[in-house]
Amino acid sequence: MDLFALTRALVDIESVTGNEKGVSTFVLERLAEMAARHGGRAEPIAVEPNRFNVFAHWGEPVVTLSTHLDTVPPFFKSGEDEATIRGRGSCDAKGILAAMMGAAERLLSEGVRNFGLLFLVGEERNSAGAIAAARTPRGSRFLINGEPTENKLAIGSKGALRYQLTARGRMAHSAYPQLGESAIDKLLDVLAEVRRIPLPADAVLGPCTLNIGTLSGGRAPNVVADLAQSDIMFRLVGDAAPLREAVLRAAGGRVEAKEVLSTPAMRLGEFAGLPTTVVSFTTDIPFLGEAWGKPFLIGPGSIHDAHTQDEAVPKGQLREAVGIYSQMVRSLLASGGAQRA
């Protein structure tokens with residue numbers, strides 16, 4: 001298997017969240033070929049119309065390697081030089097997917113079985129694929145989830161709490177603002193209070209953070225705004241309940257505060273011999289729960305390159321990841337007592 005060619009082929013299939021069918025089909029076909037060569041099975045797992053996860057296994061899937069198929073927008077095609085592969089999803093997470101397939105090929109060529117590959121849709125938005133997979137567990141005892149961690153094992157990941165804030169007002173001519181009610185003024189007042197919410201810290205995960213990600217409203221400079229909206233996100237390091245209460249107090253009936261997403265912070269498994277890190281982003285792991293086994297989080301590439309206009313993954317880290325994933329599967333199978341068929 002040509003690791004770099006596979007990465008580029010995956011990147012060149014546009015798969016912005018909601019439009020994963022093309023890449024899911026491509027991966028399913030490749031895994032079906034691997035399954036036919038090595039006595040395994042590959043199958044789709046339905047999520048929504050025209051959206052499906054892909055699962056393949058050889059023997060009993062004691063260990064499952066998993067990452068996601070979708071990307072953030074905008075799509076742009078692949079490129080490469082001696083050191084890196086570029087393109088949307090190269091880092092997050094199509095290079096990871098290619099490395100997992102490369103690890104599977106290596107393991108199978110060595111006679112190792114009793115593992116699986118699980119590739120999911122929807123991680124970048126609402127983890128719809130992970131939620132669907134959690135409803136159909138296959139007996140996996142260990143889950144190796146792939147996200148860009150520079151091939152360091154993440155022993156913790158922050159959670160997320162996201163709100164959409166909506167303020168409503170009454171339009172009027174801006175020359176007579178007293179005849180209207182500005183939705184923008186309301187929203188700005190509430191956001192000012194939200195920014196003053198005390199944020200906790202954790203000894204391992206670090207500080208909780210707040211991002212005001214979007215802000216929109218109004219119709220024209222000479223019209224008092226009747227509608228304004230903002231999306232905010234906290235990166236959690238502990239219990240979300242105090243922050244929920246604080247957001248609702250800040251809203252105070254002046255704006256609607258709709259909770260859009262809540263993902264808990266996670267403490268994850270350690271693995272002997274691997275360097276460790278802590279990450280601030282969320283993953284599919286909380287949505288999979290224990291359905292696919294004890295979770296580990298590791299993958300090539302840097303999260304600082306993900307979601308950017310210059311997204312890229314180092315070729316050296318891709319090669320290294322194939323070895324890391326292979327060794328983790330071997331070790332976990334040995335601990336699970338089922339390394340060879």
# chains A, B, ... in the order shown; residues from 1 in each chain; ligands from 1
$ residues_around --residues "A:Lys315" --least-positions-apart "6" --cutoff "8 Å" --atoms "only C-alpha atoms" --output "ChimeraX atom specification"
/A:4,82-85
$ write_last_selection --atoms "C-alpha atoms" --output "compact mmCIF listing (two decimals), in the first residue's frame"
# COMPACT_ATOMS: atom_id res chain seq x y z
CA PHE A 4 1.16 8.84 0.60
CA GLU A 82 9.40 16.03 0.18
CA ALA A 83 8.25 16.63 3.75
CA THR A 84 4.46 17.07 3.78
CA ILE A 85 1.12 16.28 2.18
$ residues_around --residues "stretch 279-295 of chain A" --least-positions-apart "4" --cutoff "7 Å" --atoms "only C-alpha atoms" --output "list in words"
Glu123, Ser127, Ala130, Ile131, Ala133, Ala134, Pro137, Gly139, Ser140, Arg141, Phe142, Leu143, Ile144, Asn145, Ala154, Gly156, Ser157, Lys158, Gly159, Ala160, Arg235, Thr263, Pro264, Leu268 and Gly269 of chain A
$ residues_around --residues "A:Asp310" --least-positions-apart "3" --cutoff "8 Å" --atoms "only C-alpha atoms" --output "count of residues only"
3
$ atom_distance --atom1 "atom CA of A:Val112" --atom2 "atom CA of A:Val23"
26.9 Å
$ select_by_dssp --residues "stretch 164-259 of chain A" --states "helix (DSSP H, G or I)" --output "list in words"
Pro177, Gln178, Leu179, Ala183, Ile184, Asp185, Lys186, Leu187, Leu188, Asp189, Val190, Leu191, Ala192, Glu193, Val194, Arg195, Ala241, Pro242, Leu243, Arg244, Glu245, Ala246, Val247, Leu248, Arg249, Ala250 and Ala251 of chain A
$ residues_around --residues "A:Pro198" --least-positions-apart "2" --cutoff "10 Å" --atoms "only C-alpha atoms" --output "ChimeraX atom specification"
/A:194-196,200-201,208-209,242-243,246
$ select_by_dssp --residues "stretch 62-269 of chain A" --states "strand (DSSP E)" --output "PyMOL selection string"
chain A and resi 63-68+79-80+84-86+115-120+142-145+153-157+159-168+201-202+206-207+209-217+227-236+256-263+266-267
$ atom_distance --atom1 "atom CA of A:Arg8" --atom2 "atom CA of A:Ala98"
9.2 Å
